[in-house]
$ cat model.cif   # mmCIF, C-alpha atoms
data_work
loop_
_atom_site.group_PDB
_atom_site.id
_atom_site.type_symbol
_atom_site.label_atom_id
_atom_site.label_comp_id
_atom_site.auth_asym_id
_atom_site.auth_seq_id
_atom_site.Cartn_x
_atom_site.Cartn_y
_atom_site.Cartn_z
ATOM 1 C CA MET A 1 -4.031 -9.106 0.940
ATOM 2 C CA HIS A 2 -1.909 -9.446 -2.187
ATOM 3 C CA ILE A 3 -3.831 -11.904 -4.363
ATOM 4 C CA PRO A 4 -1.538 -14.578 -5.866
ATOM 5 C CA ASP A 5 -1.996 -16.268 -9.247
ATOM 6 C CA GLY A 6 -4.694 -18.942 -9.212
ATOM 7 C CA PHE A 7 -7.311 -17.435 -6.874
ATOM 8 C CA VAL A 8 -9.306 -15.459 -9.433
ATOM 9 C CA SER A 9 -10.891 -16.202 -12.821
ATOM 10 C CA THR A 10 -9.391 -15.041 -16.105
ATOM 11 C CA GLU A 11 -12.479 -12.929 -16.888
ATOM 12 C CA LEU A 12 -12.232 -11.011 -13.625
ATOM 13 C CA SER A 13 -8.495 -10.656 -13.979
ATOM 14 C CA VAL A 14 -8.836 -9.151 -17.477
ATOM 15 C CA ALA A 15 -11.652 -6.825 -16.375
ATOM 16 C CA ALA A 16 -9.539 -5.612 -13.452
ATOM 17 C CA PHE A 17 -6.573 -4.947 -15.727
ATOM 18 C CA ALA A 18 -8.849 -2.799 -17.883
ATOM 19 C CA ILE A 19 -10.214 -0.810 -14.931
ATOM 20 C CA SER A 20 -6.866 -0.401 -13.174
ATOM 21 C CA GLY A 21 -5.169 0.424 -16.488
ATOM 22 C CA LEU A 22 -7.704 3.165 -17.092
ATOM 23 C CA ALA A 23 -7.227 4.471 -13.545
ATOM 24 C CA ALA A 24 -3.451 4.450 -14.100
ATOM 25 C CA ALA A 25 -3.791 6.384 -17.366
ATOM 26 C CA VAL A 26 -5.959 9.033 -15.712
ATOM 27 C CA ALA A 27 -3.754 9.252 -12.615
ATOM 28 C CA LEU A 28 -0.508 9.510 -14.598
ATOM 29 C CA LYS A 29 -2.031 12.321 -16.634
ATOM 30 C CA LYS A 30 -3.593 14.287 -13.774
ATOM 31 C CA ALA A 31 -1.645 13.506 -10.603
ATOM 32 C CA GLY A 32 1.208 15.871 -11.501
ATOM 33 C CA LYS A 33 -1.137 18.816 -10.859
ATOM 34 C CA ASP A 34 -1.368 17.794 -7.222
ATOM 35 C CA LEU A 35 2.403 17.739 -6.786
ATOM 36 C CA GLY A 36 4.092 20.820 -5.407
ATOM 37 C CA GLU A 37 7.892 21.121 -5.582
ATOM 38 C CA LYS A 38 8.334 19.499 -2.189
ATOM 39 C CA GLN A 39 5.887 16.701 -2.910
ATOM 40 C CA VAL A 40 8.165 15.336 -5.641
ATOM 41 C CA PRO A 41 10.715 13.861 -3.216
ATOM 42 C CA LEU A 42 7.898 13.173 -0.733
ATOM 43 C CA LEU A 43 6.267 10.815 -3.243
ATOM 44 C CA GLY A 44 9.515 8.833 -3.462
ATOM 45 C CA VAL A 45 9.884 8.685 0.314
ATOM 46 C CA THR A 46 6.239 7.709 0.839
ATOM 47 C CA ALA A 47 6.521 4.888 -1.697
ATOM 48 C CA ALA A 48 9.779 3.714 -0.081
ATOM 49 C CA PHE A 49 8.167 3.755 3.372
ATOM 50 C CA VAL A 50 5.077 1.872 2.156
ATOM 51 C CA PHE A 51 7.288 -0.788 0.548
ATOM 52 C CA ALA A 52 9.481 -1.178 3.635
ATOM 53 C CA ALA A 53 6.564 -1.196 6.075
ATOM 54 C CA GLN A 54 4.683 -3.764 3.975
ATOM 55 C CA MET A 55 7.574 -6.185 4.600
ATOM 56 C CA MET A 56 6.914 -5.984 8.340
ATOM 57 C CA ASN A 57 4.272 -8.635 8.972
ATOM 58 C CA PHE A 58 2.991 -8.412 12.526
ATOM 59 C CA PRO A 59 1.347 -11.375 14.270
ATOM 60 C CA VAL A 60 -2.404 -10.955 14.643
ATOM 61 C CA LEU A 61 -4.267 -13.853 16.195
ATOM 62 C CA GLY A 62 -3.762 -17.594 16.350
ATOM 63 C CA GLY A 63 -1.018 -18.047 13.790
ATOM 64 C CA THR A 64 -2.013 -15.285 11.392
ATOM 65 C CA SER A 65 -0.163 -12.144 10.440
ATOM 66 C CA GLY A 66 -0.997 -8.871 8.791
ATOM 67 C CA HIS A 67 0.933 -6.017 7.355
ATOM 68 C CA PHE A 68 0.536 -2.336 6.720
ATOM 69 C CA MET A 69 -1.091 -1.264 3.443
ATOM 70 C CA GLY A 70 -0.293 2.456 3.509
ATOM 71 C CA ALA A 71 -2.886 3.667 1.003
ATOM 72 C CA VAL A 72 -4.598 6.106 3.373
ATOM 73 C CA LEU A 73 -1.220 7.295 4.658
ATOM 74 C CA ALA A 74 -0.205 8.085 1.071
ATOM 75 C CA SER A 75 -3.513 9.838 0.368
ATOM 76 C CA VAL A 76 -3.275 12.020 3.490
ATOM 77 C CA LEU A 77 0.276 13.016 2.497
ATOM 78 C CA LEU A 78 -0.137 13.306 -1.260
ATOM 79 C CA GLY A 79 -3.822 13.337 -2.209
ATOM 80 C CA PRO A 80 -5.866 10.599 -3.886
ATOM 81 C CA LEU A 81 -4.289 10.392 -7.344
ATOM 82 C CA ASN A 82 -0.719 10.383 -6.109
ATOM 83 C CA ALA A 83 -1.666 7.824 -3.449
ATOM 84 C CA PHE A 84 -2.898 5.652 -6.310
ATOM 85 C CA ILE A 85 0.441 6.211 -8.095
ATOM 86 C CA VAL A 86 2.335 5.182 -4.928
ATOM 87 C CA MET A 87 0.315 1.953 -4.625
ATOM 88 C CA LEU A 88 0.644 1.225 -8.358
ATOM 89 C CA LEU A 89 4.403 1.614 -8.117
ATOM 90 C CA VAL A 90 4.831 -0.437 -4.937
ATOM 91 C CA LEU A 91 2.544 -3.256 -6.146
ATOM 92 C CA SER A 92 4.254 -3.420 -9.553
ATOM 93 C CA ILE A 93 7.738 -3.613 -8.033
ATOM 94 C CA GLN A 94 6.549 -6.216 -5.505
ATOM 95 C CA CYS A 95 5.032 -8.308 -8.288
ATOM 96 C CA PHE A 96 7.877 -8.125 -10.816
ATOM 97 C CA GLY A 97 10.815 -7.816 -8.432
ATOM 98 C CA PHE A 98 9.802 -9.902 -5.428
ATOM 99 C CA ALA A 99 7.140 -12.373 -6.651
ATOM 100 C CA ASP A 100 4.670 -10.870 -4.142
ATOM 101 C CA GLY A 101 1.166 -10.846 -5.633
ATOM 102 C CA GLY A 102 0.463 -12.709 -8.882
ATOM 103 C CA LEU A 103 0.987 -11.102 -12.264
ATOM 104 C CA THR A 104 -2.480 -12.253 -13.362
ATOM 105 C CA ALA A 105 -3.871 -10.610 -10.200
ATOM 106 C CA LEU A 106 -1.936 -7.343 -10.526
ATOM 107 C CA GLY A 107 -4.952 -5.514 -11.950
ATOM 108 C CA LEU A 108 -7.055 -6.687 -9.011
ATOM 109 C CA ASN A 109 -4.396 -5.836 -6.444
ATOM 110 C CA VAL A 110 -4.015 -2.349 -7.920
ATOM 111 C CA PHE A 111 -7.796 -1.967 -7.885
ATOM 112 C CA ASN A 112 -8.148 -3.159 -4.271
ATOM 113 C CA MET A 113 -5.238 -1.254 -2.780
ATOM 114 C CA GLY A 114 -4.827 1.659 -5.209
ATOM 115 C CA VAL A 115 -8.356 2.558 -6.292
ATOM 116 C CA ILE A 116 -10.192 1.457 -3.138
ATOM 117 C CA GLY A 117 -7.387 1.960 -0.632
ATOM 118 C CA GLY A 118 -5.887 5.130 -2.075
ATOM 119 C CA ILE A 119 -8.704 6.951 -3.870
ATOM 120 C CA ILE A 120 -11.826 5.772 -2.011
ATOM 121 C CA GLY A 121 -9.751 5.807 1.199
ATOM 122 C CA TYR A 122 -8.998 9.483 0.633
ATOM 123 C CA TYR A 123 -12.666 10.390 0.240
ATOM 124 C CA MET A 124 -13.580 8.373 3.323
ATOM 125 C CA PHE A 125 -10.921 10.372 5.187
ATOM 126 C CA ARG A 126 -12.300 13.689 3.922
ATOM 127 C CA GLY A 127 -15.858 12.611 4.683
ATOM 128 C CA ILE A 128 -15.018 11.695 8.266
ATOM 129 C CA LEU A 129 -12.883 14.819 8.614
ATOM 130 C CA ALA A 130 -15.828 16.996 7.620
ATOM 131 C CA VAL A 131 -17.588 15.745 10.745
ATOM 132 C CA SER A 132 -14.671 15.297 13.143
ATOM 133 C CA GLY A 133 -11.998 17.668 11.957
ATOM 134 C CA LYS A 134 -12.202 20.782 14.092
ATOM 135 C CA SER A 135 -9.153 19.855 16.113
ATOM 136 C CA LYS A 136 -5.905 17.909 16.022
ATOM 137 C CA ASN A 137 -7.703 15.019 17.685
ATOM 138 C CA GLY A 138 -10.497 15.171 15.145
ATOM 139 C CA TYR A 139 -7.919 15.008 12.373
ATOM 140 C CA ALA A 140 -6.187 12.019 13.976
ATOM 141 C CA PHE A 141 -9.549 10.321 14.412
ATOM 142 C CA ALA A 142 -10.378 10.792 10.722
ATOM 143 C CA VAL A 143 -6.976 9.385 9.716
ATOM 144 C CA GLY A 144 -7.385 6.351 11.980
ATOM 145 C CA ALA A 145 -10.991 5.624 11.062
ATOM 146 C CA ALA A 146 -10.326 5.945 7.321
ATOM 147 C CA SER A 147 -7.287 3.655 7.659
ATOM 148 C CA TRP A 148 -9.326 0.969 9.384
ATOM 149 C CA LEU A 149 -12.179 1.333 6.887
ATOM 150 C CA SER A 150 -9.761 1.167 3.934
ATOM 151 C CA ILE A 151 -8.573 -2.268 5.113
ATOM 152 C CA MET A 152 -12.136 -3.485 5.747
ATOM 153 C CA LEU A 153 -13.354 -2.303 2.357
ATOM 154 C CA ALA A 154 -10.344 -3.549 0.365
ATOM 155 C CA SER A 155 -10.387 -6.972 2.044
ATOM 156 C CA SER A 156 -14.159 -7.314 1.601
ATOM 157 C CA VAL A 157 -13.886 -6.463 -2.092
ATOM 158 C CA CYS A 158 -11.084 -9.031 -2.292
ATOM 159 C CA ALA A 159 -13.513 -11.576 -0.812
ATOM 160 C CA PHE A 160 -16.128 -10.656 -3.449
ATOM 161 C CA GLU A 161 -13.544 -11.151 -6.189
ATOM 162 C CA ILE A 162 -12.658 -14.606 -4.885
ATOM 163 C CA ALA A 163 -16.338 -15.523 -4.624
ATOM 164 C CA LEU A 164 -17.162 -14.138 -8.093
ATOM 165 C CA SER A 165 -14.360 -16.292 -9.469
ATOM 166 C CA GLY A 166 -16.068 -19.363 -8.012
ATOM 167 C CA THR A 167 -13.057 -20.091 -5.807
ATOM 168 C CA ALA A 168 -14.993 -20.104 -2.527
ATOM 169 C CA PRO A 169 -18.564 -19.235 -1.464
ATOM 170 C CA LEU A 170 -19.119 -15.616 -0.441
ATOM 171 C CA LYS A 171 -20.851 -16.583 2.801
ATOM 172 C CA VAL A 172 -17.634 -18.283 3.918
ATOM 173 C CA VAL A 173 -14.935 -16.054 2.502
ATOM 174 C CA LEU A 174 -16.489 -12.636 3.256
ATOM 175 C CA PRO A 175 -16.911 -13.031 7.024
ATOM 176 C CA ALA A 176 -13.493 -14.700 7.251
ATOM 177 C CA MET A 177 -11.738 -11.894 5.357
ATOM 178 C CA ALA A 178 -13.637 -9.111 7.142
ATOM 179 C CA GLY A 179 -13.103 -10.752 10.527
ATOM 180 C CA ILE A 180 -9.349 -11.116 10.359
ATOM 181 C CA HIS A 181 -8.920 -7.744 8.662
ATOM 182 C CA ALA A 182 -10.917 -6.000 11.380
ATOM 183 C CA LEU A 183 -7.853 -6.781 13.530
ATOM 184 C CA ILE A 184 -5.243 -6.060 10.852
ATOM 185 C CA GLY A 185 -7.018 -2.730 10.291
ATOM 186 C CA VAL A 186 -6.280 -1.728 13.884
ATOM 187 C CA GLY A 187 -2.566 -2.099 13.094
ATOM 188 C CA GLU A 188 -3.094 -0.042 9.947
ATOM 189 C CA ALA A 189 -4.806 2.716 11.942
ATOM 190 C CA VAL A 190 -2.110 2.776 14.652
ATOM 191 C CA ILE A 191 0.754 3.006 12.131
ATOM 192 C CA THR A 192 -0.988 5.588 9.932
ATOM 193 C CA VAL A 193 -1.966 7.846 12.846
ATOM 194 C CA SER A 194 1.572 7.589 14.288
ATOM 195 C CA VAL A 195 3.281 8.508 11.025
ATOM 196 C CA VAL A 196 0.831 11.309 10.193
ATOM 197 C CA SER A 197 1.181 12.756 13.721
ATOM 198 C CA LEU A 198 4.961 12.631 13.376
ATOM 199 C CA VAL A 199 4.838 14.458 10.040
ATOM 200 C CA ALA A 200 2.264 16.953 11.372
ATOM 201 C CA GLY A 201 4.592 17.666 14.293
ATOM 202 C CA VAL A 202 7.731 18.416 12.295
ATOM 203 C CA ARG A 203 6.509 19.414 8.822
ATOM 204 C CA PRO A 204 2.770 20.161 8.823
ATOM 205 C CA ASP A 205 3.207 21.767 5.378
ATOM 206 C CA MET A 206 3.952 18.285 3.979
ATOM 207 C CA LEU A 207 0.357 17.129 4.519
ATOM 208 C CA HIS A 208 -1.831 17.289 1.415
ATOM 209 C CA THR A 209 -4.816 17.911 3.693
ATOM 210 C CA ARG A 210 -3.484 20.404 6.222
ATOM 211 C CA ILE A 211 -4.802 20.426 9.749
ATOM 212 C CA ALA A 212 -5.271 24.199 9.583
ATOM 213 C CA GLU A 213 -7.257 23.812 6.381
ATOM 214 C CA ALA A 214 -9.455 21.271 8.089
ATOM 215 C CA GLN A 215 -10.028 23.774 10.890
ATOM 216 C CA ALA A 216 -10.976 26.581 8.522
ATOM 217 C CA MET B 1 17.785 22.814 3.455
ATOM 218 C CA LYS B 2 15.058 21.698 5.818
ATOM 219 C CA LYS B 3 13.218 20.061 2.947
ATOM 220 C CA PHE B 4 16.245 17.977 2.120
ATOM 221 C CA GLY B 5 16.518 17.009 5.766
ATOM 222 C CA PHE B 6 12.944 15.749 5.930
ATOM 223 C CA VAL B 7 13.310 13.649 2.799
ATOM 224 C CA THR B 8 16.653 12.210 3.899
ATOM 225 C CA ILE B 9 15.364 11.335 7.352
ATOM 226 C CA GLY B 10 12.210 9.783 5.882
ATOM 227 C CA LEU B 11 14.255 7.655 3.501
ATOM 228 C CA LEU B 12 16.664 6.575 6.252
ATOM 229 C CA PHE B 13 13.654 5.649 8.401
ATOM 230 C CA ALA B 14 12.227 3.483 5.589
ATOM 231 C CA LEU B 15 15.637 1.874 4.973
ATOM 232 C CA ALA B 16 16.056 1.164 8.692
ATOM 233 C CA ILE B 17 12.717 -0.677 8.763
ATOM 234 C CA ALA B 18 13.577 -2.626 5.621
ATOM 235 C CA ILE B 19 17.056 -3.613 6.792
ATOM 236 C CA PHE B 20 16.812 -4.031 10.552
ATOM 237 C CA ALA B 21 13.157 -4.816 11.241
ATOM 238 C CA SER B 22 12.024 -6.911 8.265
ATOM 239 C CA PRO B 23 14.139 -9.962 9.192
ATOM 240 C CA PHE B 24 12.028 -10.123 12.365
ATOM 241 C CA ALA B 25 8.701 -9.937 10.511
ATOM 242 C CA SER B 26 6.131 -12.576 11.419
ATOM 243 C CA SER B 27 6.233 -15.542 9.078
ATOM 244 C CA PHE B 28 2.659 -16.570 9.874
ATOM 245 C CA PRO B 29 0.357 -16.605 6.820
ATOM 246 C CA ASP B 30 -1.262 -13.221 6.159
ATOM 247 C CA GLY B 31 -5.009 -12.603 6.350
ATOM 248 C CA LEU B 32 -5.775 -13.765 2.805
ATOM 249 C CA GLU B 33 -3.471 -16.822 2.956
ATOM 250 C CA TRP B 34 -5.013 -17.801 6.270
ATOM 251 C CA VAL B 35 -8.541 -17.546 4.865
ATOM 252 C CA ALA B 36 -7.437 -19.538 1.802
ATOM 253 C CA GLU B 37 -5.988 -22.220 4.052
ATOM 254 C CA GLN B 38 -9.082 -22.374 6.299
ATOM 255 C CA THR B 39 -11.462 -22.374 3.351
ATOM 256 C CA GLY B 40 -9.416 -24.913 1.420
ATOM 257 C CA PHE B 41 -8.329 -23.039 -1.707
ATOM 258 C CA LEU B 42 -4.726 -22.231 -0.848
ATOM 259 C CA HIS B 43 -3.514 -25.044 -3.152
ATOM 260 C CA LEU B 44 -4.816 -23.086 -6.177
ATOM 261 C CA SER B 45 -1.885 -20.679 -5.858
ATOM 262 C CA GLU B 46 0.751 -23.348 -5.343
ATOM 263 C CA GLY B 47 3.067 -24.496 -8.081
ATOM 264 C CA TYR B 48 1.914 -21.886 -10.541
ATOM 265 C CA ALA B 49 3.267 -18.407 -11.180
ATOM 266 C CA ALA B 50 2.592 -16.295 -14.261
ATOM 267 C CA TRP B 51 5.826 -14.360 -13.748
ATOM 268 C CA THR B 52 8.916 -16.353 -12.819
ATOM 269 C CA LYS B 53 11.712 -13.887 -13.488
ATOM 270 C CA SER B 54 11.637 -11.954 -10.205
ATOM 271 C CA PRO B 55 15.233 -11.121 -9.289
ATOM 272 C CA VAL B 56 14.495 -11.356 -5.549
ATOM 273 C CA PRO B 57 11.706 -13.911 -5.050
ATOM 274 C CA ASP B 58 9.959 -13.832 -1.666
ATOM 275 C CA TYR B 59 12.140 -11.035 -0.303
ATOM 276 C CA GLU B 60 15.269 -13.170 -0.034
ATOM 277 C CA MET B 61 18.333 -12.032 -1.925
ATOM 278 C CA PRO B 62 19.514 -15.074 -3.875
ATOM 279 C CA GLY B 63 22.940 -16.496 -3.091
ATOM 280 C CA ILE B 64 22.965 -15.355 0.534
ATOM 281 C CA GLY B 65 23.101 -18.212 3.015
ATOM 282 C CA ASN B 66 21.904 -16.371 6.101
ATOM 283 C CA PRO B 67 18.119 -15.807 5.724
ATOM 284 C CA ALA B 68 18.098 -12.682 7.924
ATOM 285 C CA VAL B 69 20.857 -11.102 5.822
ATOM 286 C CA ALA B 70 19.113 -12.190 2.603
ATOM 287 C CA THR B 71 15.887 -10.481 3.742
ATOM 288 C CA ALA B 72 17.693 -7.350 4.924
ATOM 289 C CA LEU B 73 19.464 -7.025 1.550
ATOM 290 C CA ALA B 74 16.172 -7.592 -0.289
ATOM 291 C CA GLY B 75 14.625 -4.835 1.826
ATOM 292 C CA LEU B 76 17.516 -2.486 1.123
ATOM 293 C CA ALA B 77 17.423 -3.101 -2.628
ATOM 294 C CA GLY B 78 13.634 -2.882 -2.844
ATOM 295 C CA THR B 79 13.299 0.270 -0.754
ATOM 296 C CA LEU B 80 15.981 2.070 -2.770
ATOM 297 C CA ALA B 81 14.464 0.902 -6.061
ATOM 298 C CA VAL B 82 10.987 2.068 -5.018
ATOM 299 C CA PHE B 83 12.355 5.420 -3.813
ATOM 300 C CA LEU B 84 14.239 6.088 -7.060
ATOM 301 C CA ALA B 85 11.330 4.942 -9.224
ATOM 302 C CA GLY B 86 8.924 7.126 -7.228
ATOM 303 C CA LEU B 87 11.195 10.142 -7.427
ATOM 304 C CA GLY B 88 11.718 9.684 -11.164
ATOM 305 C CA LEU B 89 8.033 9.165 -11.847
ATOM 306 C CA ALA B 90 7.045 12.191 -9.736
ATOM 307 C CA LYS B 91 9.571 14.354 -11.603
ATOM 308 C CA LEU B 92 8.179 13.158 -14.932
ATOM 309 C CA MET B 93 4.583 13.785 -13.878
ATOM 310 C CA LYS B 94 5.454 17.209 -12.493
ATOM 311 C CA SER B 95 7.431 18.387 -15.508
ATOM 312 C CA GLY B 96 5.114 16.964 -18.156
ATOM 313 C CA LYS B 97 1.702 17.463 -16.651
ATOM 314 C CA SER B 98 1.895 20.197 -14.081
ATOM 315 C CA GLY B 99 -0.981 21.883 -15.906
ATOM 316 C CA GLY B 100 -0.131 25.274 -14.424
ATOM 317 C CA SER B 101 -1.918 24.786 -11.129
ATOM 318 C CA ALA B 102 0.963 23.310 -9.118
ATOM 319 C CA ALA B 103 2.016 25.406 -6.154
#

$ encode --input "model.cif" --output "structure tokens"
Amino acid sequence: MHIPDGFVSTELSVAAFAISGLAAAVALKKAGKDLGEKQVPLLGVTAAFVFAAQMMNFPVLGGTSGHFMGAVLASVLLGPLNAFIVMLLVLSIQCFGFADGGLTALGLNVFNMGVIGGIIGYYMFRGILAVSGKSKNGYAFAVGAASWLSIMLASSVCAFEIALSGTAPLKVVLPAMAGIHALIGVGEAVITVSVVSLVAGVRPDMLHTRIAEAQA
Amino acid sequence: MKKFGFVTIGLLFALAIAIFASPFASSFPDGLEWVAEQTGFLHLSEGYAAWTKSPVPDYEMPGIGNPAVATALAGLAGTLAVFLAGLGLAKLMKSGKSGGSAA
């Protein structure tokens, strides 16, 4: 759901740069506190994985594709602020290095995938975990549900941004975006749960939210 | 070190996806492009880009004839660049702003 140049109004684009810029300033200042020694290389690996996996478009339905976002994965591994940093980094390199996502829409893309995907996604995960998280399965459920919800929420907000810009009516673009992303979100949930389970199996200490902590 | 092993394996895993799997990625339009096409506003993004100096536009390494190889090389370069940038940034954040509470 990388927004290209041309889909959103200048006003919205400028406002999003302000909000995402502020979020970046706060995150860059505070996210270091959340990083233990071993999370330093983990942040690099997580960002590399998110970038690589985002290249892998999978076919969805009738000539459409989707790809992994990775914001909830990053937040489960690194916490909300560092997940935001991961998304900020990946989106910036995609925009400047690979012409993926418009420069005028970078603030919006960082807002949708970094603030909503990474930060709000993290709190959705913790909220669900508070109800479901007494077991390994409960933890996996929270990861999967938050992943799916992060795609639904980010794509719906994207639809609002397009509608607010006067590009297309909300009653058309919102159901279309939410509908197709309900399917893409299933892919997001499957990949995120698989990777988190893999990490939990070999290095449970690498998880920002530990399973044991969730059980306590 | 086990820690080193985990990081190395994770990075190799990411590189393997970028190099070997990405050339087989679906080229169908993604969710947003599809909606833009259906709704009739896809043309708004065509023929206009605010940033035109991307070294590797659209994940194809320039100057490589074979598109699968061009995509694999783009994936390799991008994944390494993101890893190094992430590592550098994390080191900066940790050293400058650890705030005393880091484990």

$ closest_residue --input "model.cif" --among "A:Leu43, A:Val193, A:Met55, A:Leu81" --to "Ala25 in chain A" --atoms "all atoms listed in the file"
A:Leu81

$ residues_around --input "model.cif" --residues "Ala16 in chain B" --least-positions-apart "5" --cutoff "10 Å" --atoms "all atoms listed in the file" --output "PyMOL selection string"
(chain A and resi 49+52) or (chain B and resi 10-11+21-22+72+75-76+79)

$ atom_distance --input "model.cif" --atom1 "CA of Val8 in chain A" --atom2 "CA of Ala163 in chain A"
8.5 Å

$ closest_residue --input "model.cif" --among "B:Leu89, B:Ser26, B:Ala68, B:Gly63" --to "chain A" --atoms "all atoms listed in the file"
B:Ser26

$ interface_residues --input "model.cif" --of "chain A" --to "chain B" --cutoff "7 Å" --atoms "only C-alpha atoms" --output "number ranges by chain"
A: 1, 4-7, 28-30, 32-36, 40-45, 47-49, 51-53, 55-59, 63-66, 90, 96-100, 102-104, 167, 173, 176-177, 180-181

$ write_last_selection --input "model.cif" --atoms "C-alpha atoms" --output "PDB file, in the coordinates of the input"
ATOM      1  CA  MET A   1      -4.031  -9.106   0.940  1.00  0.00           C
ATOM      2  CA  PRO A   4      -1.538 -14.578  -5.866  1.00  0.00           C
ATOM      3  CA  ASP A   5      -1.996 -16.268  -9.247  1.00  0.00           C
ATOM      4  CA  GLY A   6      -4.694 -18.942  -9.212  1.00  0.00           C
ATOM      5  CA  PHE A   7      -7.311 -17.435  -6.874  1.00  0.00           C
ATOM      6  CA  LEU A  28      -0.508   9.510 -14.598  1.00  0.00           C
ATOM      7  CA  LYS A  29      -2.031  12.321 -16.634  1.00  0.00           C
ATOM      8  CA  LYS A  30      -3.593  14.287 -13.774  1.00  0.00           C
ATOM      9  CA  GLY A  32       1.208  15.871 -11.501  1.00  0.00           C
ATOM     10  CA  LYS A  33      -1.137  18.816 -10.859  1.00  0.00           C
ATOM     11  CA  ASP A  34      -1.368  17.794  -7.222  1.00  0.00           C
ATOM     12  CA  LEU A  35       2.403  17.739  -6.786  1.00  0.00           C
ATOM     13  CA  GLY A  36       4.092  20.820  -5.407  1.00  0.00           C
ATOM     14  CA  VAL A  40       8.165  15.336  -5.641  1.00  0.00           C
ATOM     15  CA  PRO A  41      10.715  13.861  -3.216  1.00  0.00           C
ATOM     16  CA  LEU A  42       7.898  13.173  -0.733  1.00  0.00           C
ATOM     17  CA  LEU A  43       6.267  10.815  -3.243  1.00  0.00           C
ATOM     18  CA  GLY A  44       9.515   8.833  -3.462  1.00  0.00           C
ATOM     19  CA  VAL A  45       9.884   8.685   0.314  1.00  0.00           C
ATOM     20  CA  ALA A  47       6.521   4.888  -1.697  1.00  0.00           C
ATOM     21  CA  ALA A  48       9.779   3.714  -0.081  1.00  0.00           C
ATOM     22  CA  PHE A  49       8.167   3.755   3.372  1.00  0.00           C
ATOM     23  CA  PHE A  51       7.288  -0.788   0.548  1.00  0.00           C
ATOM     24  CA  ALA A  52       9.481  -1.178   3.635  1.00  0.00           C
ATOM     25  CA  ALA A  53       6.564  -1.196   6.075  1.00  0.00           C
ATOM     26  CA  MET A  55       7.574  -6.185   4.600  1.00  0.00           C
ATOM     27  CA  MET A  56       6.914  -5.984   8.340  1.00  0.00           C
ATOM     28  CA  ASN A  57       4.272  -8.635   8.972  1.00  0.00           C
ATOM     29  CA  PHE A  58       2.991  -8.412  12.526  1.00  0.00           C
ATOM     30  CA  PRO A  59       1.347 -11.375  14.270  1.00  0.00           C
ATOM     31  CA  GLY A  63      -1.018 -18.047  13.790  1.00  0.00           C
ATOM     32  CA  THR A  64      -2.013 -15.285  11.392  1.00  0.00           C
ATOM     33  CA  SER A  65      -0.163 -12.144  10.440  1.00  0.00           C
ATOM     34  CA  GLY A  66      -0.997  -8.871   8.791  1.00  0.00           C
ATOM     35  CA  VAL A  90       4.831  -0.437  -4.937  1.00  0.00           C
ATOM     36  CA  PHE A  96       7.877  -8.125 -10.816  1.00  0.00           C
ATOM     37  CA  GLY A  97      10.815  -7.816  -8.432  1.00  0.00           C
ATOM     38  CA  PHE A  98       9.802  -9.902  -5.428  1.00  0.00           C
ATOM     39  CA  ALA A  99       7.140 -12.373  -6.651  1.00  0.00           C
ATOM     40  CA  ASP A 100       4.670 -10.870  -4.142  1.00  0.00           C
ATOM     41  CA  GLY A 102       0.463 -12.709  -8.882  1.00  0.00           C
ATOM     42  CA  LEU A 103       0.987 -11.102 -12.264  1.00  0.00           C
ATOM     43  CA  THR A 104      -2.480 -12.253 -13.362  1.00  0.00           C
ATOM     44  CA  THR A 167     -13.057 -20.091  -5.807  1.00  0.00           C
ATOM     45  CA  VAL A 173     -14.935 -16.054   2.502  1.00  0.00           C
ATOM     46  CA  ALA A 176     -13.493 -14.700   7.251  1.00  0.00           C
ATOM     47  CA  MET A 177     -11.738 -11.894   5.357  1.00  0.00           C
ATOM     48  CA  ILE A 180      -9.349 -11.116  10.359  1.00  0.00           C
ATOM     49  CA  HIS A 181      -8.920  -7.744   8.662  1.00  0.00           C
TER      50      HIS A 181
END
